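**Student:** Sharing model39.csv here; it has CSV, C-alpha atoms and all ligand atoms.
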chain,number,residue,atom,x,y,z
A,132,MET,CA,0.0,0.0,0.0
A,133,ALA,CA,2.9,2.3,0.9
A,134,ASN,CA,4.3,1.9,-2.6
A,135,LYS,CA,1.2,3.2,-4.4
A,136,PRO,CA,2.0,7.0,-4.2
A,137,GLU,CA,5.5,6.4,-5.6
A,138,LYS,CA,4.2,4.8,-8.8
A,139,SER,CA,2.0,7.7,-9.9
A,140,PRO,CA,4.7,10.3,-10.6
A,141,LYS,CA,6.5,7.7,-12.9
A,142,ARG,CA,3.3,7.4,-14.9
A,143,THR,CA,3.1,11.1,-15.4
A,144,SER,CA,6.7,11.4,-16.6
A,145,HIS,CA,6.3,8.6,-19.1
A,146,PRO,CA,4.6,10.6,-21.9
A,147,SER,CA,7.1,13.4,-21.8
A,148,PHE,CA,10.0,10.9,-22.0
A,149,LEU,CA,8.3,9.3,-25.0
A,150,LEU,CA,8.0,12.7,-26.6
A,151,PHE,CA,11.7,13.4,-26.0
A,152,LEU,CA,12.5,10.0,-27.6
A,153,PHE,CA,10.3,10.9,-30.6
A,154,PHE,CA,12.0,14.2,-31.2
A,155,LEU,CA,15.5,12.7,-30.7
A,156,THR,CA,14.7,10.0,-33.3
A,157,LEU,CA,13.3,12.7,-35.6
A,158,LEU,CA,16.5,14.8,-35.1
A,159,LEU,CA,18.8,11.8,-35.7
A,160,SER,CA,16.9,10.8,-38.9
A,161,PHE,CA,17.2,14.4,-40.2
A,162,PHE,CA,20.9,14.3,-39.5
A,163,ALA,CA,21.3,10.9,-41.1
A,164,THR,CA,19.4,12.1,-44.2
A,165,TYR,CA,21.6,15.2,-44.4
A,166,LEU,CA,24.8,13.1,-44.2
A,167,TYR,CA,23.5,10.6,-46.7
A,168,ARG,CA,22.5,13.4,-49.2
A,169,THR,CA,25.9,15.1,-48.8
A,170,PHE,CA,27.9,12.0,-49.4
A,171,SER,CA,25.8,10.8,-52.3
A,172,SER,CA,26.2,14.2,-53.9
A,173,ILE,CA,30.0,14.0,-53.5
A,174,GLN,CA,29.9,10.5,-55.1
A,175,GLU,CA,27.7,11.8,-57.9
A,176,HIS,CA,30.1,14.7,-58.5
A,177,ASN,CA,33.0,12.2,-58.7
A,178,ARG,CA,31.1,9.9,-61.0
A,179,LYS,CA,30.4,12.8,-63.4
A,180,GLU,CA,34.0,14.0,-63.3
A,181,LEU,CA,35.1,10.6,-64.5
A,182,GLN,CA,32.4,9.8,-67.1
A,183,LEU,CA,31.9,13.2,-68.7
A,184,GLU,CA,35.6,14.0,-69.1
A,185,MET,CA,36.1,15.3,-72.6
A,186,LYS,CA,39.0,13.5,-74.2
A,187,LYS,CA,38.7,14.7,-77.8
A,188,ILE,CA,38.9,18.2,-79.4
A,189,PRO,CA,35.5,19.0,-81.1
A,190,LYS,CA,35.9,18.9,-84.9
A,191,ASP,CA,35.0,22.5,-85.6
A,192,ILE,CA,37.7,23.6,-83.1
A,193,LYS,CA,40.3,21.2,-84.4
A,194,LYS,CA,40.0,22.6,-87.9
A,195,LYS,CA,40.8,26.1,-86.6
A,196,LEU,CA,43.8,24.7,-84.6
A,197,THR,CA,45.5,23.2,-87.6
A,198,LYS,CA,45.0,26.5,-89.6
A,199,THR,CA,46.6,28.8,-87.0
A,200,LYS,CA,50.4,28.8,-87.2
A,201,SER,CA,52.2,30.0,-84.1
A,202,SER,CA,55.9,30.9,-83.8
A,203,ILE,CA,56.3,29.8,-80.1
A,204,LYS,CA,55.9,26.1,-79.7
A,205,ARG,CA,57.1,24.2,-76.6
A,206,ARG,CA,56.7,20.8,-75.0
A,207,ILE,CA,55.4,21.5,-71.4
A,208,PRO,CA,53.7,18.6,-69.8
A,209,ILE,CA,50.8,19.5,-67.4
A,210,LEU,CA,50.0,16.8,-64.9
A,211,ILE,CA,46.4,16.5,-63.7
A,212,TYR,CA,45.4,15.5,-60.2
A,213,HIS,CA,42.1,15.4,-58.3
A,214,TYR,CA,42.2,13.7,-54.9
A,215,VAL,CA,45.6,13.2,-53.1
A,216,GLU,CA,44.8,11.4,-49.9
A,217,ILE,CA,44.5,8.0,-48.2
A,218,VAL,CA,41.0,6.9,-49.1
A,219,THR,CA,39.6,5.1,-46.0
A,220,ASP,CA,36.3,3.9,-47.5
A,221,LYS,CA,37.2,0.8,-49.5
A,222,ASN,CA,33.7,0.8,-51.1
A,223,ASP,CA,34.2,4.2,-52.6
A,224,THR,CA,35.7,2.9,-55.8
A,225,ILE,CA,35.1,6.2,-57.7
A,226,ARG,CA,37.1,8.2,-55.2
A,227,GLN,CA,39.8,5.5,-55.2
A,228,SER,CA,40.1,5.8,-59.0
A,229,MET,CA,40.4,9.6,-58.9
A,230,ASN,CA,43.0,9.4,-56.1
A,231,ILE,CA,46.7,9.3,-55.9
A,232,GLN,CA,48.3,8.4,-52.6
A,233,PRO,CA,50.3,11.3,-51.0
A,234,ALA,CA,53.5,9.1,-51.0
A,235,ILE,CA,53.2,8.6,-54.8
A,236,LEU,CA,52.8,12.3,-55.4
A,237,GLU,CA,55.9,12.9,-53.4
A,238,LYS,CA,57.8,10.2,-55.4
A,239,GLN,CA,56.6,11.7,-58.7
A,240,ILE,CA,57.9,15.2,-57.6
A,241,THR,CA,61.3,13.6,-56.7
A,242,THR,CA,61.4,11.9,-60.1
A,243,LEU,CA,60.7,15.2,-61.9
A,244,GLN,CA,63.3,17.1,-59.8
A,245,ASP,CA,65.9,14.3,-60.4
A,246,ALA,CA,65.3,14.5,-64.1
A,247,GLY,CA,66.0,18.2,-64.1
A,248,TYR,CA,62.5,19.5,-64.5
A,249,THR,CA,61.5,23.0,-63.2
A,250,PHE,CA,58.0,23.5,-61.8
A,251,ILE,CA,56.2,26.4,-63.4
A,252,THR,CA,52.5,27.4,-63.4
A,253,PRO,CA,50.1,28.3,-66.2
A,254,SER,CA,50.4,32.0,-65.8
A,255,ASN,CA,54.1,31.5,-66.9
A,256,ILE,CA,52.8,30.0,-70.1
A,257,GLY,CA,50.6,33.0,-70.7
A,258,LYS,CA,53.5,35.3,-70.3
A,259,MET,CA,55.7,33.2,-72.5
A,260,LEU,CA,53.1,33.2,-75.3
A,261,ASN,CA,52.9,37.0,-74.9
A,262,GLY,CA,56.6,37.1,-75.5
A,263,LYS,CA,57.2,38.4,-72.0
A,264,LYS,CA,58.9,35.5,-70.2
A,265,GLU,CA,61.4,32.8,-71.0
A,266,ILE,CA,60.6,29.4,-69.6
A,267,PRO,CA,63.3,26.9,-68.5
A,268,LYS,CA,64.1,24.2,-71.1
A,269,LYS,CA,62.6,21.4,-69.1
A,270,ALA,CA,59.4,22.7,-67.5
A,271,VAL,CA,56.5,20.9,-66.0
A,272,ILE,CA,53.2,21.9,-64.3
A,273,LEU,CA,51.4,20.1,-61.4
A,274,SER,CA,47.7,21.0,-61.6
A,275,PHE,CA,45.1,20.1,-59.0
A,276,ASP,CA,41.4,20.4,-59.8
A,277,ASP,CA,38.3,21.3,-57.7
A,278,GLY,CA,39.9,22.6,-54.4
A,279,TYR,CA,39.3,19.6,-52.3
A,280,ARG,CA,40.3,19.8,-48.6
A,281,ASP,CA,43.0,17.3,-49.0
A,282,PHE,CA,44.9,19.9,-51.0
A,283,TYR,CA,45.5,21.7,-47.7
A,284,THR,CA,46.0,18.6,-45.6
A,285,ASP,CA,48.0,16.4,-47.9
A,286,VAL,CA,49.3,18.3,-50.9
A,287,LEU,CA,50.5,21.5,-49.4
A,288,PRO,CA,52.9,19.9,-46.9
A,289,ILE,CA,54.5,17.9,-49.8
A,290,LEU,CA,54.9,21.0,-52.0
A,291,LYS,CA,56.5,22.8,-49.1
A,292,ARG,CA,58.9,19.9,-48.3
A,293,LYS,CA,59.9,19.6,-51.9
A,294,GLN,CA,59.7,23.4,-52.6
A,295,ALA,CA,57.7,22.5,-55.7
A,296,LYS,CA,55.3,25.0,-57.4
A,297,ALA,CA,51.8,24.0,-58.5
A,298,ILE,CA,48.4,25.4,-59.5
A,299,ALA,CA,45.1,24.8,-57.7
A,300,TYR,CA,41.9,25.3,-59.8
A,301,ILE,CA,39.3,26.4,-57.3
A,302,VAL,CA,35.4,26.3,-57.6
A,303,PRO,CA,34.6,29.4,-55.4
A,304,GLY,CA,30.9,28.5,-55.0
A,305,LYS,CA,31.9,25.3,-53.2
A,306,LEU,CA,34.4,26.8,-50.7
A,307,ASN,CA,33.6,26.0,-47.1
A,308,GLN,CA,31.4,23.1,-48.0
A,309,ILE,CA,32.0,19.5,-46.8
A,310,ASN,CA,35.0,17.9,-48.7
A,311,TYR,CA,36.1,21.3,-50.1
A,312,LEU,CA,38.7,23.9,-48.8
A,313,PHE,CA,37.8,26.5,-46.2
A,314,SER,CA,38.4,30.1,-47.2
A,315,TRP,CA,41.1,30.4,-44.6
A,316,GLN,CA,42.9,27.4,-46.0
A,317,LEU,CA,42.8,28.9,-49.5
A,318,HIS,CA,44.4,32.1,-48.1
A,319,GLU,CA,47.1,30.0,-46.5
A,320,ILE,CA,47.7,28.0,-49.6
A,321,TYR,CA,48.2,31.2,-51.7
A,322,GLY,CA,50.3,32.7,-48.9
A,323,SER,CA,52.8,29.8,-49.2
A,324,GLY,CA,54.1,31.4,-52.4
A,325,LEU,CA,54.2,28.0,-54.1
A,326,VAL,CA,50.7,27.8,-55.5
A,327,GLU,CA,49.0,29.8,-58.2
A,328,ILE,CA,45.2,30.0,-57.8
A,329,GLY,CA,43.1,29.4,-60.9
A,330,ALA,CA,39.4,29.4,-61.5
A,331,HIS,CA,37.2,26.4,-62.3
A,332,THR,CA,33.7,28.1,-62.7
A,333,VAL,CA,31.5,29.1,-59.7
A,334,HIS,CA,29.6,25.8,-59.5
A,335,HIS,CA,31.7,23.3,-61.4
A,336,MET,CA,29.5,23.7,-64.4
A,337,ASN,CA,29.8,21.7,-67.6
A,338,LEU,CA,30.2,24.6,-70.0
A,339,LYS,CA,29.7,22.6,-73.2
A,340,GLY,CA,26.5,23.5,-75.0
A,341,ILE,CA,25.0,25.7,-72.3
A,342,SER,CA,23.4,29.2,-72.7
A,343,TYR,CA,25.6,32.2,-73.3
A,344,MET,CA,24.5,34.0,-70.2
A,345,THR,CA,25.1,31.0,-67.9
A,346,ALA,CA,28.5,30.3,-69.3
A,347,LYS,CA,29.5,34.0,-69.1
A,348,TYR,CA,28.4,34.1,-65.5
A,349,GLU,CA,30.1,30.9,-64.4
A,350,ILE,CA,33.4,31.9,-66.1
A,351,GLU,CA,33.6,35.6,-65.2
A,352,GLU,CA,32.1,35.4,-61.7
A,353,SER,CA,34.5,32.6,-60.7
A,354,LYS,CA,37.4,35.0,-61.6
A,355,THR,CA,35.8,37.9,-59.8
A,356,MET,CA,35.0,35.9,-56.6
A,357,LEU,CA,38.6,34.7,-56.3
A,358,GLU,CA,40.1,38.1,-57.1
A,359,ASN,CA,37.9,39.7,-54.4
A,360,MET,CA,39.0,37.1,-51.9
A,361,LEU,CA,42.7,37.1,-52.5
A,362,TYR,CA,43.3,40.6,-54.0
A,363,ILE,CA,45.3,39.2,-56.9
A,364,PRO,CA,44.6,38.9,-60.6
A,365,ILE,CA,43.3,35.3,-61.5
A,366,LEU,CA,44.8,34.5,-64.9
A,367,SER,CA,44.3,30.8,-65.4
A,368,PHE,CA,41.2,28.7,-66.0
A,369,ALA,CA,40.3,25.0,-66.1
A,370,TYR,CA,37.1,23.7,-67.8
A,371,PRO,CA,35.1,21.4,-65.4
A,372,TYR,CA,35.1,17.9,-66.8
A,373,GLY,CA,37.6,19.2,-69.4
A,374,ALA,CA,34.5,20.2,-71.4
A,375,PHE,CA,34.4,23.2,-73.7
A,376,ASP,CA,33.1,24.5,-77.0
A,377,SER,CA,33.9,27.6,-79.1
A,378,GLN,CA,31.6,29.8,-77.0
A,379,ALA,CA,33.4,28.8,-73.7
A,380,ILE,CA,36.8,29.4,-75.3
A,381,LEU,CA,35.7,32.9,-76.4
A,382,LEU,CA,34.3,33.8,-73.0
A,383,VAL,CA,37.4,32.6,-71.2
A,384,LYS,CA,39.5,34.8,-73.5
A,385,GLU,CA,37.2,37.8,-73.1
A,386,ALA,CA,37.1,37.4,-69.3
A,387,GLY,CA,40.9,38.1,-69.3
A,388,PHE,CA,42.3,34.7,-68.6
A,389,THR,CA,45.7,34.1,-70.2
A,390,THR,CA,45.4,30.3,-70.4
A,391,ALA,CA,42.8,27.5,-70.0
A,392,VAL,CA,43.4,23.8,-69.5
A,393,SER,CA,41.4,20.9,-70.8
A,394,SER,CA,41.6,17.1,-70.2
A,395,ILE,CA,42.8,16.2,-73.7
A,396,SER,CA,46.0,14.2,-73.6
A,397,GLY,CA,49.1,15.9,-74.9
A,398,ASN,CA,52.1,18.0,-74.0
A,399,ASP,CA,52.5,20.6,-76.8
A,400,VAL,CA,52.0,24.3,-75.9
A,401,SER,CA,51.5,27.0,-78.5
A,402,GLU,CA,49.3,30.1,-79.2
A,403,SER,CA,46.8,27.8,-81.0
A,404,ASN,CA,46.0,25.7,-78.0
A,405,ARG,CA,46.5,28.4,-75.3
A,406,TYR,CA,42.8,28.1,-74.3
A,407,LEU,CA,42.6,24.3,-74.4
A,408,LEU,CA,46.0,23.3,-73.0
A,409,TYR,CA,46.5,19.5,-73.0
A,410,ARG,CA,47.1,17.6,-69.8
A,411,ILE,CA,48.5,14.2,-68.8
A,412,HIS,CA,47.0,11.8,-66.1
A,413,PRO,CA,50.2,10.7,-64.3
A,414,GLY,CA,48.4,7.8,-62.5
A,415,TYR,CA,50.7,5.9,-60.2
A,416,ARG,CA,53.7,6.1,-62.6
A,417,THR,CA,57.0,7.1,-61.1
A,418,GLY,CA,60.6,7.0,-62.3
A,419,LYS,CA,61.3,6.2,-66.0
A,420,GLU,CA,57.7,5.3,-66.6
A,421,LEU,CA,56.5,8.8,-65.6
A,422,ILE,CA,59.2,10.5,-67.6
A,423,SER,CA,58.4,8.6,-70.8
A,424,ALA,CA,54.7,9.4,-70.3
A,425,LEU,CA,55.6,13.1,-70.2
A,426,GLU,CA,58.0,13.1,-73.0
A,427,LYS,CA,56.3,10.9,-75.6
A,428,GLU,CA,54.6,12.3,-78.6
A,429,TYR,CA,50.9,12.8,-78.4
A,430,LYS,CA,48.5,13.4,-81.2
A,431,PRO,CA,45.6,15.3,-79.6
B,501,ZN,ZN,36.8,19.6,-61.8
Transcribe the structure of this file into C-alpha cells.
Ligand SMILES: [Zn+2]
**Tutor:**
Amino acid sequence: MANKPEKSPKRTSHPSFLLFLFFLTLLLSFFATYLYRTFSSIQEHNRKELQLEMKKIPKDIKKKLTKTKSSIKRRIPILIYHYVEIVTDKNDTIRQSMNIQPAILEKQITTLQDAGYTFITPSNIGKMLNGKKEIPKKAVILSFDDGYRDFYTDVLPILKRKQAKAIAYIVPGKLNQINYLFSWQLHEIYGSGLVEIGAHTVHHMNLKGISYMTAKYEIEESKTMLENMLYIPILSFAYPYGAFDSQAILLVKEAGFTTAVSSISGNDVSESNRYLLYRIHPGYRTGKELISALEKEYKP
C-alpha cells in the first residue's frame, strides 16, 4: 500500500519521456538524411567527373587549330590531379580511381626534380606566349582540380617539403562546403608562395552547349569571386570535366584569362591551344615510366 503513491509520478513522466525520444529520433533521422545526401552528392560529382571528361577536341575547333600557325611552340607537360589522400572507404571505388596516394605524389615530384624539371605554373605559359617571359628548357606543371580539402592537408605539406610549385583550380561556390577547402585554407595555400590559384567556374558547371549567359556568369564570376577574396589577378582557368566549346573558349578569353586547361592528352603548348592546353594523367607512374609518359609524342 505504501508503494502506491510512488508509482503515480512515474506514470506522469512517461509521456514526456516518449515525446523526448520521438524528437530525438526525428532529429537523428534528419541528420542521417543530411549526411546521406551530402555524401551521395559527392559521389555523384566524382562519377560525373570521371564519365563526362572530354577526351577529344571538337571537330570545328580542331579545324581552326590546324590552320593557325604560331611561332612559339614548346613541350610543357601539365599533370592533372584530383584527390591526393589516403581513401579510407574501401567501397568508394570512384574516389579511389580519382585518387593518388600522397606518398606517390611525393615520389613523382622527386622523379621530376631528379630528371632536371623546373616546376612552373600556367600564368608563366601566358607570359611566355605573350613574349614576356622565358621558360626553362625542361618545365612541368602540377595541376590540381576542384579545391578539395586534401589539397591543404596532404598536398601543401609535400609541396613545401619539396619546394615545388603547382596550380590549384578552385570552384569558389563550393568553398567551405564539406569535402572542399575552407576560405582560410585557401588564403594560407596562396600565402605559401608556391601555389598559383586558378578558376574552375562558380559551381563546377559543364560549359559545353549551355546558354551564353550562364557560361558567361560561371566563367567571369569565378574569376571575380577569387580576385575579391585574394586581392590578386586570377589568370588561369580549367574547364570542369575538361568540357568546352567555341563559346566557352571565347568567353574565357574575353574574361581576361591568359590560359585554360582541358583534359585532352598531350604536352605541346603554343598560341593555337592556349585556351585548351592539354594535360596528362600521371596515374601511379614514377621513375622512368613517368618521364616517358611526359616526353612521348601525343596526337591530340
Ligand atoms: Zn573539376
**Student:** Can you tell me which residues come within 8 Å of ligand ZN 501 (chain B) when counting all atoms listed in the file, ideally as a list of chain:residue names?
**Tutor:** A:Glu180, A:His213, A:Asp276, A:Asp277, A:Tyr300, A:His331, A:His335, A:Ala369, A:Tyr370, A:Pro371, A:Tyr372, A:Gly373
**Student:** Quick one: of A:Ile289, A:Ile251, A:His176, A:Tyr214, who's nearest to Glu265 in chain A, counting only C-alpha atoms?
**Tutor:** A:Ile251
**Student:** Determine, counting only C-alpha atoms, which protein, DNA and RNA residues have an atom within 12 Å of an atom of Asp245 in chain A; residues of the same chain fewer than 3 positions away are not included. Present the result as number ranges by chain.
**Tutor:** A: 238-242, 248-249, 269, 293, 417-419, 422
**Student:** Given all atoms listed in the file as the basis, pick out the residue of A:Tyr409, A:Leu425, A:Leu366, A:Ser342 nearest to Gln378 in chain A.
**Tutor:**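 Among the listed residues, A:Ser342 lies closest to Gln378 in chain A.
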**Student:** If we count only C-alpha atoms, what is near range 348-365 of chain A at a cut-off of 6 Å, once residues fewer than 4 positions away on the same chain are taken out, given as a list in words?
**Tutor:**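 The filter keeps Gly329, Ala330, Thr332, Val333 and Ala386 of chain A.
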**Student:** Do a neighbour search on range 219-225 of chain A at 12 Å with all atoms listed in the file, toss out local chain neighbours closer than 6 positions, and write the hits as a ChimeraX atom specification.
**Tutor:** /A:170-171,173-182,213,232
**Student:** Take the residues that were just selected and, keeping C-alpha atoms, output them as a CSV table (one decimal), in the frame of the given file.
**Tutor:**
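Just written: out_20.csv:
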chain,number,residue,atom,x,y,z
A,170,PHE,CA,27.9,12.0,-49.4
A,171,SER,CA,25.8,10.8,-52.3
A,173,ILE,CA,30.0,14.0,-53.5
A,174,GLN,CA,29.9,10.5,-55.1
A,175,GLU,CA,27.7,11.8,-57.9
A,176,HIS,CA,30.1,14.7,-58.5
A,177,ASN,CA,33.0,12.2,-58.7
A,178,ARG,CA,31.1,9.9,-61.0
A,179,LYS,CA,30.4,12.8,-63.4
A,180,GLU,CA,34.0,14.0,-63.3
A,181,LEU,CA,35.1,10.6,-64.5
A,182,GLN,CA,32.4,9.8,-67.1
A,213,HIS,CA,42.1,15.4,-58.3
A,232,GLN,CA,48.3,8.4,-52.6
**Student:** Supply range 293-327 of chain A as a compact mmCIF listing (two decimals), in the frame of the given file, with N, CA and C atoms built in where the input has gaps.
**Tutor:**
# COMPACT_ATOMS: atom_id res chain seq x y z
N LYS A 293 59.15 19.77 -50.69
CA LYS A 293 59.90 19.60 -51.90
C LYS A 293 60.18 20.98 -52.60
N GLN A 294 59.63 22.06 -52.03
CA GLN A 294 59.70 23.40 -52.60
C GLN A 294 59.31 23.34 -54.12
N ALA A 295 58.18 22.70 -54.37
CA ALA A 295 57.70 22.50 -55.70
C ALA A 295 56.46 23.46 -55.93
N LYS A 296 56.41 24.12 -57.09
CA LYS A 296 55.30 25.00 -57.40
C LYS A 296 54.15 24.18 -58.04
N ALA A 297 52.93 24.69 -57.93
CA ALA A 297 51.80 24.00 -58.50
C ALA A 297 50.64 24.99 -58.74
N ILE A 298 49.58 24.54 -59.42
CA ILE A 298 48.40 25.40 -59.50
C ILE A 298 47.19 24.62 -58.95
N ALA A 299 46.32 25.34 -58.22
CA ALA A 299 45.10 24.80 -57.70
C ALA A 299 43.92 25.48 -58.41
N TYR A 300 43.12 24.75 -59.15
CA TYR A 300 41.90 25.30 -59.80
C TYR A 300 40.74 25.21 -58.85
N ILE A 301 40.25 26.37 -58.40
CA ILE A 301 39.30 26.40 -57.30
C ILE A 301 37.85 26.68 -57.88
N VAL A 302 36.84 26.06 -57.25
CA VAL A 302 35.40 26.30 -57.60
C VAL A 302 34.90 27.17 -56.40
N PRO A 303 34.90 28.52 -56.55
CA PRO A 303 34.60 29.40 -55.40
C PRO A 303 33.27 29.14 -54.73
N GLY A 304 32.26 28.74 -55.52
CA GLY A 304 30.90 28.50 -55.00
C GLY A 304 30.88 27.27 -54.05
N LYS A 305 31.94 26.47 -54.04
CA LYS A 305 31.90 25.30 -53.20
C LYS A 305 32.83 25.42 -51.97
N LEU A 306 33.54 26.55 -51.86
CA LEU A 306 34.40 26.80 -50.70
C LEU A 306 33.60 26.65 -49.41
N ASN A 307 34.21 26.12 -48.38
CA ASN A 307 33.60 26.00 -47.10
C ASN A 307 32.53 24.87 -46.98
N GLN A 308 32.30 24.16 -48.09
CA GLN A 308 31.40 23.10 -48.00
C GLN A 308 32.11 21.79 -47.66
N ILE A 309 31.36 20.77 -47.23
CA ILE A 309 32.00 19.50 -46.80
C ILE A 309 32.85 18.99 -48.00
N ASN A 310 34.05 18.48 -47.70
CA ASN A 310 35.00 17.90 -48.70
C ASN A 310 35.81 19.00 -49.43
N TYR A 311 35.38 20.28 -49.37
CA TYR A 311 36.10 21.30 -50.10
C TYR A 311 36.88 22.23 -49.09
N LEU A 312 37.83 22.98 -49.63
CA LEU A 312 38.70 23.90 -48.80
C LEU A 312 37.85 24.92 -48.07
N PHE A 313 38.31 25.29 -46.89
CA PHE A 313 37.80 26.50 -46.20
C PHE A 313 38.48 27.68 -46.77
N SER A 314 37.81 28.85 -46.70
CA SER A 314 38.40 30.10 -47.20
C SER A 314 39.78 30.34 -46.59
N TRP A 315 39.88 30.12 -45.26
CA TRP A 315 41.10 30.40 -44.60
C TRP A 315 42.27 29.50 -45.08
N GLN A 316 41.88 28.27 -45.48
CA GLN A 316 42.90 27.40 -46.00
C GLN A 316 43.39 27.85 -47.37
N LEU A 317 42.44 28.38 -48.17
CA LEU A 317 42.80 28.90 -49.50
C LEU A 317 43.80 30.08 -49.33
N HIS A 318 43.52 30.96 -48.35
CA HIS A 318 44.40 32.10 -48.10
C HIS A 318 45.83 31.57 -47.74
N GLU A 319 45.86 30.54 -46.89
CA GLU A 319 47.10 30.00 -46.50
C GLU A 319 47.88 29.34 -47.63
N ILE A 320 47.12 28.66 -48.48
CA ILE A 320 47.70 28.00 -49.60
C ILE A 320 48.37 29.04 -50.55
N TYR A 321 47.61 30.12 -50.83
CA TYR A 321 48.20 31.20 -51.70
C TYR A 321 49.38 31.83 -50.99
N GLY A 322 49.25 32.01 -49.67
CA GLY A 322 50.30 32.70 -48.90
C GLY A 322 51.62 31.87 -48.88
N SER A 323 51.56 30.58 -49.21
CA SER A 323 52.80 29.80 -49.20
C SER A 323 53.76 30.23 -50.29
N GLY A 324 53.24 30.96 -51.28
CA GLY A 324 54.10 31.40 -52.40
C GLY A 324 54.43 30.36 -53.38
N LEU A 325 53.88 29.16 -53.19
CA LEU A 325 54.20 28.00 -54.10
C LEU A 325 53.06 27.72 -55.04
N VAL A 326 51.86 28.25 -54.72
CA VAL A 326 50.70 27.80 -55.50
C VAL A 326 49.98 28.96 -56.18
N GLU A 327 49.85 28.81 -57.51
CA GLU A 327 49.00 29.80 -58.20
C GLU A 327 47.57 29.33 -58.08
